[in-house]
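Asker: Structure in structure tokens, see below.
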Amino acid sequence: MTKLIIILLSAVFINNYVLSRFLGICPFLGVSKKLNSATGMSLAVIFVMLIATAVTWPIQMYLLNPYGLGYLQTIVFILVIAALVQLVEIVLKRYVPALHKSLGVYLPLITTNCAVLGVTILNIDEGYTFLEAMVNSLGSGLGFFLAMVMFSGVRSTMEDSDIPESFKGLPITLVAAAITSLSFLGFGGVIENLFG
Amino acid sequence: MKEIFKPIIVLASICLVVTALLAFVNMETRPIIQAAEEKAAAQARAEVLPQAESFEKIEGLSLPEGVTEVYEGSHHSGYVIMMQAKGYGGYIRLICGIRPDGSIESVKTLSHSETGGIGSRVADNGSGYREGYRNKTIDTYQEVDAVTGATVSSKAYQKAVGLALEAYEIIRGAEQ
Amino acid sequence: MRTLRNFSKGIIKENPVLVLVLGTCPTLATSTGVLNALGMGVAATLVLTFSNILISALRKVIPDKVRIPCYIVLIAGLVTAVQMLVKAFAPELDKSLGIYLPLIVVNCIILGRAEMYASKNKVFDSAVDGLGMGVGFTLALFLMATIREIFGNGTFCGLEIPGLKENHISILTMAPGGFFVFGLLIAAVNKFGKHKPKKKHPGCAGCPQAEICQKSDTAGDGEEAASHD
């Protein structure tokens with residue numbers, strides 16, 4: 001149980017996907033202007049990360065590894081994620097139209113989101129059990145959510161600021177991201193010591 | 001009909017061809033990868049316990065969590081233990097040679113993801129931190145001081161070394 | 001002459017990292033050391049050049065409906081092949097690039113060039129385009145890694161620089177330093193480059209998903225407006 005809590009908290013705070021592993025930077029910079037879109041995008045990411053792990057982990061363990069096909073990992077995972085995203089979109093549209101309305105626009109973006117492919121590969125690399133892998137995916141998704149929401153707050157206060165001409169747009173956003181990421185450095189090592 | 005089947009056929013054949021080519025590349029590179037990994041592992045073992053001529057893997061013991069592999073050196077020259085502990089950025093993986101009297105011959109980092117310039121002053125093999133553990137035993141290994149500013153990495157390193165020494169005690173206990 | 005221009009546009013005018021702002025994830029993650037950055041750059045260039053060649057050669061065979069899955073399969077295949085070669089012949093590099101090596105698959109520069117260039121142009125032109133973009137990517141990574149390694153670690157390619165080694169600014173090699181140096185570099189490009197900084201999402205111009213991305217960023221506005229009613 002302690003191990004699961006450590007995995008969860010590490011994924012959210014220490015190894016935060018966006019701010020310390022640099023995965024999923026495109027949506028982090030592109031879709032974080034408004035709190036609404038940041039929340040929608042992150043919820044879609046959490047959702048897809050969980051489903052993708054639930055499908056790719058058994059594929060790796062029960063299909064690829066026993067037949068010595070581990071080298072097909074990258075190609076199989078990306079295809080499975082692409083197919084899953086399509087499937088989720090169709091199912092949501094048909095059965096849960098309300099949810100589709102709020103998450104639908106973000107789903108196509110997720111196929112080539114490196115955070116999702118990253119979490120499925122890392123789950124295998126770290127040698128997690130199925131439960132641990134799911135917890136890690138949940139933590140990674142929550143960490144993404146936290147970073148997006150925090151950052152959309154930071155960005156909204158920048159809207160009215162007087163920014164030097166050459167820093168307008170992306171550069172100031174990156175500098176703000178640097179400071180946001182700085183605040184996450186403080187978590188390093190804390191969680192291990194809490195339980196260790 | 002053609003409109004429906006053509007995309008399916010093209011996509012399926014691309015998948016097949018790509019997979020076949022990958023299988024070929026895999027067949028060609030796998031022996032090289034395995035040889036390189038085996039060579040690197042053998043080199044690391046020889047480095048931390050130079051007095052052993054060959055090594056034999058020990059299996060079937062219940063060892064502390066974090067200890068991954070254990071080898072016995074030929075002619076009672078000692079043991080080589082591989083272990084890991086969580087540092088600041090991820091796992092620090094170490095390999096440790098222990099003499100038959102229970103003192104450490106040498107410790108070496110296999111891989112780590114500690115911060116460059118901070119935790120790396122502990123985990124990098126060139127940093128000199130590992131020298132402090134030479135000749136230490138299970139009673140004295142905690143005397144090695146942490147590197148200033150890199151307490152988390154130092155603690156993780158020390159914890160891993162402790163695991164190896166514990167594992168050594170278990171192996172000795174099993175032998176008697 | 002035309003070929004030369006086609007090659008060099010990827011290096012300066014349309015530099016994928018500093019001007020088009022694509023592939024930010026690997027840029028930030030692997031630019032902590034010069035050797036890592038070069039390894040990443042060369043691996044991505046290989047994949048990019050060959051994916052452009054293959055996709056251009058198959059552009060008349062691949063039906064429009066399934067083109068993105070087809071591109072993804074081809075790119076993933078190439079990445080896996082490169083990954084195995086790196087593991088076999090440069091195991092140290094494989095260790096230091098780690099997860100970022102398989103993640104070349106989702107590097108938007110590669111899918112972006114496939115969609116914007118290779119699917120519309122001849123094989124030779126596409127190869128040159130891919131090579132140029134790859135070199136541009138590598139140079140940008142190299143530039144960023146040089147700054148981060150020299151000032152952040154006091155070394156260059158692992159060799160110590162006297163004077164800086166004792167006074168290095170560690171934060172530059174950590175995550176915040178990555179964002180910060182990248183921000184400064186892009187600001188410098190805006191300042192000294194001929195292009196005026198674009199107002200809206202400067203990075204999205206070359207991204208295959210720009211349309212969906214922008215639609216989803218403004219999607220929030222509509223709901224917000226609705227909730228005020």
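Identifiers for the structure tokens are assigned positionally: chains receive A, B, ... in sequence, residues are indexed from 1 per chain, and ligands are indexed from 1 in the order shown.
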Could you give me, as number ranges by chain, the residues within 9 Å of Asn16 in chain A, counting only C-alpha atoms and dropping anything in the same chain fewer than 2 positions from it?
Answerer: A: 10-14, 18-23, 139-140, 143-144, 147, 184
Asker: Could you list, as a list in words, the residues of chain C having an atom within 6 Å of chain A when counting only C-alpha atoms?
Answerer: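 In the required form, that comes to Cys25, Ala29, Ala76, Val106, Ala175, Pro176, Phe179, Phe180, Gly183, Ile186, Ala187, Asn190, Lys191, Ser216, Asp217 and Gly220 of chain C.
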Asker: Phe24 in chain B: which residues within 12 Å, counting only C-alpha atoms, same-chain residues fewer than 5 positions away excluded, as a list in words?
Answerer: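 Close residues of Phe24 in chain B: Tyr71 and Leu72 of chain A; Val17, Val18, Thr19, Thr29 and Arg30 of chain B; Gly77, Thr80, Ala81 and Met84 of chain C.
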Asker: Suppose we keep N, CA and C atoms; can you now write the selection as a PDB file, in the first residue's frame?
Answerer:
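Everything below was put into again.pdb:
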```pdb
ATOM      1  N   TYR A  71      10.380  -6.096 -29.174  1.00  0.00           N
ATOM      2  CA  TYR A  71      10.886  -5.000 -29.992  1.00  0.00           C
ATOM      3  C   TYR A  71       9.789  -4.287 -30.776  1.00  0.00           C
ATOM      4  N   LEU A  72       8.601  -4.894 -30.843  1.00  0.00           N
ATOM      5  CA  LEU A  72       7.496  -4.235 -31.553  1.00  0.00           C
ATOM      6  C   LEU A  72       6.750  -3.242 -30.653  1.00  0.00           C
TER       7      LEU A  72
ATOM      8  N   VAL B  17       4.667  -5.323 -43.980  1.00  0.00           N
ATOM      9  CA  VAL B  17       6.023  -5.114 -44.490  1.00  0.00           C
ATOM     10  C   VAL B  17       6.917  -4.528 -43.396  1.00  0.00           C
ATOM     11  N   VAL B  18       6.396  -3.512 -42.679  1.00  0.00           N
ATOM     12  CA  VAL B  18       7.199  -2.874 -41.626  1.00  0.00           C
ATOM     13  C   VAL B  18       7.572  -3.907 -40.557  1.00  0.00           C
ATOM     14  N   THR B  19       6.585  -4.718 -40.144  1.00  0.00           N
ATOM     15  CA  THR B  19       6.854  -5.727 -39.118  1.00  0.00           C
ATOM     16  C   THR B  19       7.902  -6.731 -39.587  1.00  0.00           C
ATOM     17  N   THR B  29      20.377  -7.535 -34.956  1.00  0.00           N
ATOM     18  CA  THR B  29      20.990  -6.757 -33.875  1.00  0.00           C
ATOM     19  C   THR B  29      20.935  -7.449 -32.524  1.00  0.00           C
ATOM     20  N   ARG B  30      19.988  -8.370 -32.340  1.00  0.00           N
ATOM     21  CA  ARG B  30      19.822  -8.973 -31.008  1.00  0.00           C
ATOM     22  C   ARG B  30      21.102  -9.593 -30.450  1.00  0.00           C
TER      23      ARG B  30
ATOM     24  N   GLY C  77       8.040   2.278 -37.277  1.00  0.00           N
ATOM     25  CA  GLY C  77       8.953   1.222 -37.734  1.00  0.00           C
ATOM     26  C   GLY C  77      10.379   1.742 -37.804  1.00  0.00           C
ATOM     27  N   THR C  80      11.826   2.291 -34.338  1.00  0.00           N
ATOM     28  CA  THR C  80      12.214   1.037 -33.700  1.00  0.00           C
ATOM     29  C   THR C  80      13.538   0.526 -34.262  1.00  0.00           C
ATOM     30  N   ALA C  81      13.694   0.637 -35.595  1.00  0.00           N
ATOM     31  CA  ALA C  81      14.942   0.182 -36.206  1.00  0.00           C
ATOM     32  C   ALA C  81      16.120   0.999 -35.663  1.00  0.00           C
ATOM     33  N   MET C  84      16.991  -0.042 -32.156  1.00  0.00           N
ATOM     34  CA  MET C  84      17.754  -1.292 -32.045  1.00  0.00           C
ATOM     35  C   MET C  84      19.211  -1.062 -32.435  1.00  0.00           C
TER      36      MET C  84
END
```
Asker: Using only C-alpha atoms, which chain C residues lie at most 10 Å away from chain B, written as an MDAnalysis selection string?
Answerer: chainID C and resid 32:33 61:67 69:71 73:78 80:82 84:91 95:96 149 152:154 165 168:175
Asker: For the residues in that selection, give me N, CA and C atoms as a short mmCIF file (atom, residue, chain, number, x, y, z; two decimals), in the first residue's frame.
Answerer:
```
data_model
loop_
_atom_site.label_atom_id
_atom_site.label_comp_id
_atom_site.auth_asym_id
_atom_site.auth_seq_id
_atom_site.Cartn_x
_atom_site.Cartn_y
_atom_site.Cartn_z
N THR C 32 20.46 18.61 -21.98
CA THR C 32 21.22 18.83 -20.77
C THR C 32 22.72 18.67 -21.02
N GLY C 33 23.09 17.89 -22.01
CA GLY C 33 24.50 17.70 -22.34
C GLY C 33 24.67 17.70 -23.85
N VAL C 61 0.20 5.77 -53.45
CA VAL C 61 -0.42 4.49 -53.09
C VAL C 61 -1.32 4.64 -51.86
N ILE C 62 -0.90 5.50 -50.95
CA ILE C 62 -1.62 5.61 -49.67
C ILE C 62 -2.91 6.41 -49.85
N PRO C 63 -4.06 5.78 -49.55
CA PRO C 63 -5.34 6.49 -49.66
C PRO C 63 -5.43 7.58 -48.61
N ASP C 64 -6.10 8.67 -48.99
CA ASP C 64 -6.17 9.83 -48.12
C ASP C 64 -6.75 9.51 -46.75
N LYS C 65 -7.76 8.62 -46.73
CA LYS C 65 -8.48 8.32 -45.49
C LYS C 65 -7.57 7.76 -44.40
N VAL C 66 -6.66 6.89 -44.78
CA VAL C 66 -5.85 6.23 -43.76
C VAL C 66 -4.42 6.76 -43.76
N ARG C 67 -4.21 7.98 -44.29
CA ARG C 67 -2.81 8.40 -44.44
C ARG C 67 -2.12 8.58 -43.09
N PRO C 69 -2.63 7.04 -40.05
CA PRO C 69 -2.17 5.75 -39.50
C PRO C 69 -1.01 5.17 -40.29
N CYS C 70 -1.05 5.29 -41.63
CA CYS C 70 0.05 4.76 -42.44
C CYS C 70 1.36 5.47 -42.09
N TYR C 71 1.31 6.81 -42.00
CA TYR C 71 2.53 7.55 -41.65
C TYR C 71 3.05 7.10 -40.29
N VAL C 73 2.65 4.27 -38.73
CA VAL C 73 3.27 2.94 -38.78
C VAL C 73 4.67 3.03 -39.38
N LEU C 74 4.80 3.76 -40.48
CA LEU C 74 6.12 3.88 -41.12
C LEU C 74 7.13 4.53 -40.17
N ILE C 75 6.70 5.64 -39.54
CA ILE C 75 7.61 6.35 -38.64
C ILE C 75 7.98 5.47 -37.44
N ALA C 76 6.97 4.80 -36.86
CA ALA C 76 7.25 3.95 -35.70
C ALA C 76 8.21 2.82 -36.08
N GLY C 77 8.04 2.28 -37.28
CA GLY C 77 8.95 1.22 -37.73
C GLY C 77 10.38 1.74 -37.80
N LEU C 78 10.54 2.93 -38.41
CA LEU C 78 11.88 3.50 -38.52
C LEU C 78 12.48 3.77 -37.15
N THR C 80 11.83 2.29 -34.34
CA THR C 80 12.21 1.04 -33.70
C THR C 80 13.54 0.53 -34.26
N ALA C 81 13.69 0.64 -35.59
CA ALA C 81 14.94 0.18 -36.21
C ALA C 81 16.12 1.00 -35.66
N VAL C 82 15.95 2.32 -35.61
CA VAL C 82 17.02 3.18 -35.10
C VAL C 82 17.33 2.82 -33.64
N MET C 84 16.99 -0.04 -32.16
CA MET C 84 17.75 -1.29 -32.04
C MET C 84 19.21 -1.06 -32.44
N LEU C 85 19.42 -0.24 -33.49
CA LEU C 85 20.79 0.04 -33.91
C LEU C 85 21.56 0.77 -32.80
N VAL C 86 20.90 1.75 -32.18
CA VAL C 86 21.57 2.49 -31.10
C VAL C 86 21.90 1.55 -29.95
N LYS C 87 20.95 0.68 -29.60
CA LYS C 87 21.19 -0.28 -28.51
C LYS C 87 22.38 -1.17 -28.82
N ALA C 88 22.50 -1.56 -30.10
CA ALA C 88 23.56 -2.49 -30.47
C ALA C 88 24.92 -1.80 -30.55
N PHE C 89 24.95 -0.58 -31.10
CA PHE C 89 26.26 0.01 -31.37
C PHE C 89 26.62 1.18 -30.47
N ALA C 90 25.64 1.75 -29.74
CA ALA C 90 25.96 2.84 -28.82
C ALA C 90 25.13 2.69 -27.56
N PRO C 91 25.37 1.62 -26.79
CA PRO C 91 24.51 1.35 -25.62
C PRO C 91 24.51 2.48 -24.60
N LYS C 95 21.18 4.44 -23.02
CA LYS C 95 20.92 4.63 -21.60
C LYS C 95 20.61 6.08 -21.29
N SER C 96 21.38 7.01 -21.89
CA SER C 96 21.17 8.41 -21.50
C SER C 96 19.95 9.02 -22.18
N GLU C 149 25.12 23.09 -20.91
CA GLU C 149 26.20 22.30 -20.34
C GLU C 149 27.34 23.19 -19.85
N GLY C 152 25.74 25.38 -16.95
CA GLY C 152 25.06 24.60 -15.93
C GLY C 152 25.95 23.57 -15.26
N ASN C 153 26.93 23.05 -16.01
CA ASN C 153 27.73 21.97 -15.47
C ASN C 153 29.22 22.29 -15.52
N GLY C 154 29.58 23.38 -16.20
CA GLY C 154 30.98 23.76 -16.31
C GLY C 154 31.79 22.83 -17.19
N LYS C 165 33.90 25.36 -13.95
CA LYS C 165 33.58 24.11 -13.25
C LYS C 165 33.22 24.39 -11.79
N HIS C 168 29.58 26.70 -11.53
CA HIS C 168 28.49 26.40 -12.47
C HIS C 168 27.13 26.69 -11.85
N ILE C 169 26.15 26.97 -12.71
CA ILE C 169 24.79 27.28 -12.26
C ILE C 169 23.95 26.03 -12.48
N SER C 170 23.90 25.16 -11.47
CA SER C 170 23.28 23.85 -11.65
C SER C 170 21.86 23.91 -12.19
N ILE C 171 21.13 24.94 -11.81
CA ILE C 171 19.71 25.00 -12.17
C ILE C 171 19.52 24.92 -13.69
N LEU C 172 20.53 25.35 -14.46
CA LEU C 172 20.37 25.34 -15.92
C LEU C 172 20.24 23.93 -16.47
N THR C 173 20.85 22.95 -15.81
CA THR C 173 20.72 21.59 -16.34
C THR C 173 19.45 20.92 -15.82
N MET C 174 18.78 21.58 -14.87
CA MET C 174 17.55 20.99 -14.36
C MET C 174 16.36 21.49 -15.18
N ALA C 175 15.16 20.98 -14.85
CA ALA C 175 13.99 21.28 -15.67
C ALA C 175 13.74 22.79 -15.87
#
```
Asker: Rank nothing, just name the residue among B:Ala174, B:Ser120, B:Glu169, B:Thr137 nearest to Ala150 in chain B, using only C-alpha atoms.
Answerer: B:Ser120
Asker: Between B:Cys96, B:Leu165, B:Val152, B:Ala146, which is the closest to chain A once you count only C-alpha atoms?
Answerer: B:Val152
Asker: Would you list the contacts of range 46-54 of chain A as a ChimeraX atom specification, taking every protein, DNA or RNA residue within 9 Å and counting only C-alpha atoms, but skipping same-chain residues closer than 3 positions in sequence?
Answerer: /A:41-43,57-58,77,80-81,84-85,88,107,110,115-117,119-120,123,130,133-135,137-142,144-145
Asker: Just to be explicit: take each residue in the selection above, keep N, CA and C atoms, and write the result as a PDB file, in the first residue's frame.
Answerer:
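Generated output (result_0.pdb):
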```pdb
ATOM      1  N   MET A  41      -8.804  19.455 -21.496  1.00  0.00           N
ATOM      2  CA  MET A  41      -7.689  18.720 -22.076  1.00  0.00           C
ATOM      3  C   MET A  41      -7.106  17.741 -21.056  1.00  0.00           C
ATOM      4  N   SER A  42      -6.920  18.203 -19.809  1.00  0.00           N
ATOM      5  CA  SER A  42      -6.299  17.315 -18.814  1.00  0.00           C
ATOM      6  C   SER A  42      -7.207  16.143 -18.479  1.00  0.00           C
ATOM      7  N   LEU A  43      -8.513  16.390 -18.382  1.00  0.00           N
ATOM      8  CA  LEU A  43      -9.418  15.277 -18.084  1.00  0.00           C
ATOM      9  C   LEU A  43      -9.347  14.239 -19.197  1.00  0.00           C
ATOM     10  N   TRP A  57      -0.587  -2.614 -21.100  1.00  0.00           N
ATOM     11  CA  TRP A  57       0.166  -3.436 -20.141  1.00  0.00           C
ATOM     12  C   TRP A  57      -0.075  -4.932 -20.392  1.00  0.00           C
ATOM     13  N   PRO A  58      -1.363  -5.373 -20.467  1.00  0.00           N
ATOM     14  CA  PRO A  58      -1.576  -6.800 -20.772  1.00  0.00           C
ATOM     15  C   PRO A  58      -1.014  -7.201 -22.132  1.00  0.00           C
ATOM     16  N   PHE A  77       2.202  -0.019 -29.447  1.00  0.00           N
ATOM     17  CA  PHE A  77       1.599   0.915 -28.499  1.00  0.00           C
ATOM     18  C   PHE A  77       0.990   2.121 -29.202  1.00  0.00           C
ATOM     19  N   VAL A  80      -2.172   1.095 -30.940  1.00  0.00           N
ATOM     20  CA  VAL A  80      -3.243   0.811 -29.986  1.00  0.00           C
ATOM     21  C   VAL A  80      -3.812   2.117 -29.436  1.00  0.00           C
ATOM     22  N   ILE A  81      -2.918   3.069 -29.118  1.00  0.00           N
ATOM     23  CA  ILE A  81      -3.400   4.339 -28.579  1.00  0.00           C
ATOM     24  C   ILE A  81      -4.237   5.075 -29.620  1.00  0.00           C
ATOM     25  N   LEU A  84      -7.546   3.343 -29.900  1.00  0.00           N
ATOM     26  CA  LEU A  84      -8.339   3.561 -28.683  1.00  0.00           C
ATOM     27  C   LEU A  84      -8.982   4.933 -28.667  1.00  0.00           C
ATOM     28  N   VAL A  85      -8.186   5.936 -29.054  1.00  0.00           N
ATOM     29  CA  VAL A  85      -8.704   7.299 -29.032  1.00  0.00           C
ATOM     30  C   VAL A  85      -9.905   7.410 -29.974  1.00  0.00           C
ATOM     31  N   VAL A  88     -12.850   5.520 -28.360  1.00  0.00           N
ATOM     32  CA  VAL A  88     -13.424   6.276 -27.249  1.00  0.00           C
ATOM     33  C   VAL A  88     -14.289   7.404 -27.788  1.00  0.00           C
ATOM     34  N   LEU A 107      -9.773  15.030 -27.863  1.00  0.00           N
ATOM     35  CA  LEU A 107      -9.353  13.645 -28.105  1.00  0.00           C
ATOM     36  C   LEU A 107      -8.400  13.475 -29.298  1.00  0.00           C
ATOM     37  N   ILE A 110      -4.739  13.910 -28.664  1.00  0.00           N
ATOM     38  CA  ILE A 110      -4.039  13.059 -27.711  1.00  0.00           C
ATOM     39  C   ILE A 110      -3.278  11.922 -28.384  1.00  0.00           C
ATOM     40  N   ALA A 115       2.979  12.373 -23.824  1.00  0.00           N
ATOM     41  CA  ALA A 115       2.750  11.980 -22.434  1.00  0.00           C
ATOM     42  C   ALA A 115       2.052  10.626 -22.357  1.00  0.00           C
ATOM     43  N   VAL A 116       1.106  10.374 -23.259  1.00  0.00           N
ATOM     44  CA  VAL A 116       0.361   9.117 -23.208  1.00  0.00           C
ATOM     45  C   VAL A 116       1.258   7.939 -23.620  1.00  0.00           C
ATOM     46  N   LEU A 117       1.957   8.090 -24.756  1.00  0.00           N
ATOM     47  CA  LEU A 117       2.867   7.023 -25.160  1.00  0.00           C
ATOM     48  C   LEU A 117       3.958   6.855 -24.102  1.00  0.00           C
ATOM     49  N   VAL A 119       3.837   7.367 -20.813  1.00  0.00           N
ATOM     50  CA  VAL A 119       3.428   6.677 -19.593  1.00  0.00           C
ATOM     51  C   VAL A 119       3.297   5.174 -19.848  1.00  0.00           C
ATOM     52  N   THR A 120       2.813   4.782 -21.025  1.00  0.00           N
ATOM     53  CA  THR A 120       2.652   3.342 -21.275  1.00  0.00           C
ATOM     54  C   THR A 120       4.021   2.657 -21.368  1.00  0.00           C
ATOM     55  N   ASN A 123       5.716   2.555 -17.799  1.00  0.00           N
ATOM     56  CA  ASN A 123       5.131   1.530 -16.945  1.00  0.00           C
ATOM     57  C   ASN A 123       5.806   0.177 -17.153  1.00  0.00           C
ATOM     58  N   PHE A 130       0.394  -4.677 -12.716  1.00  0.00           N
ATOM     59  CA  PHE A 130      -0.741  -4.028 -13.364  1.00  0.00           C
ATOM     60  C   PHE A 130      -1.308  -2.919 -12.482  1.00  0.00           C
ATOM     61  N   ALA A 133       0.992   0.002 -12.323  1.00  0.00           N
ATOM     62  CA  ALA A 133       0.975   0.725 -13.593  1.00  0.00           C
ATOM     63  C   ALA A 133      -0.245   1.634 -13.671  1.00  0.00           C
ATOM     64  N   MET A 134      -1.405   1.129 -13.232  1.00  0.00           N
ATOM     65  CA  MET A 134      -2.617   1.943 -13.272  1.00  0.00           C
ATOM     66  C   MET A 134      -2.482   3.141 -12.334  1.00  0.00           C
ATOM     67  N   VAL A 135      -1.920   2.889 -11.131  1.00  0.00           N
ATOM     68  CA  VAL A 135      -1.740   3.985 -10.182  1.00  0.00           C
ATOM     69  C   VAL A 135      -0.777   5.023 -10.753  1.00  0.00           C
ATOM     70  N   SER A 137      -0.273   5.662 -13.894  1.00  0.00           N
ATOM     71  CA  SER A 137      -0.950   6.413 -14.950  1.00  0.00           C
ATOM     72  C   SER A 137      -1.868   7.459 -14.360  1.00  0.00           C
ATOM     73  N   LEU A 138      -2.590   7.074 -13.307  1.00  0.00           N
ATOM     74  CA  LEU A 138      -3.489   8.026 -12.654  1.00  0.00           C
ATOM     75  C   LEU A 138      -2.680   9.210 -12.125  1.00  0.00           C
ATOM     76  N   GLY A 139      -1.566   8.900 -11.443  1.00  0.00           N
ATOM     77  CA  GLY A 139      -0.723   9.966 -10.895  1.00  0.00           C
ATOM     78  C   GLY A 139      -0.174  10.860 -11.987  1.00  0.00           C
ATOM     79  N   SER A 140       0.281  10.252 -13.095  1.00  0.00           N
ATOM     80  CA  SER A 140       0.835  11.047 -14.186  1.00  0.00           C
ATOM     81  C   SER A 140      -0.223  11.961 -14.766  1.00  0.00           C
ATOM     82  N   GLY A 141      -1.450  11.425 -14.927  1.00  0.00           N
ATOM     83  CA  GLY A 141      -2.540  12.236 -15.458  1.00  0.00           C
ATOM     84  C   GLY A 141      -2.887  13.372 -14.515  1.00  0.00           C
ATOM     85  N   LEU A 142      -2.939  13.054 -13.206  1.00  0.00           N
ATOM     86  CA  LEU A 142      -3.256  14.094 -12.224  1.00  0.00           C
ATOM     87  C   LEU A 142      -2.159  15.160 -12.212  1.00  0.00           C
ATOM     88  N   PHE A 144      -0.337  16.039 -14.733  1.00  0.00           N
ATOM     89  CA  PHE A 144      -0.563  16.833 -15.940  1.00  0.00           C
ATOM     90  C   PHE A 144      -1.664  17.859 -15.685  1.00  0.00           C
ATOM     91  N   PHE A 145      -2.752  17.382 -15.053  1.00  0.00           N
ATOM     92  CA  PHE A 145      -3.887  18.230 -14.705  1.00  0.00           C
ATOM     93  C   PHE A 145      -3.429  19.392 -13.826  1.00  0.00           C
TER      94      PHE A 145
END
```
Asker: Of the candidates B:Ala156, B:Ile171, B:Val70, B:Met83, which shows the shortest atom-to-atom distance to Phe55 in chain B, using only C-alpha atoms?
Answerer: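 With only C-alpha atoms as the atom set, the closest residue is B:Val70.
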Asker: Can you tell me which residues surround range 49-56 of chain C at a distance of at most 10 Å, considering only C-alpha atoms, apart from same-chain residues fewer than 2 positions away, and format the answer as a VMD selection string?
Answerer: chain C and resid 44 to 47 58 to 62 67 70 to 72 74 to 79 110 to 111 113 to 115 117 to 134
Asker: Tell me, in Å to one decimal, how far CA of Lys9 in chain C is from CA of Val189 in chain C.
Answerer: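 Separation of CA of Lys9 in chain C and CA of Val189 in chain C: 15.1 Å.
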Asker: How far is it from CA of Val21 in chain C to CA of Asn15 in chain A, in Å with one decimal?
Answerer: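 Atom-to-atom, CA of Val21 in chain C and CA of Asn15 in chain A are spaced 24.1 Å apart.
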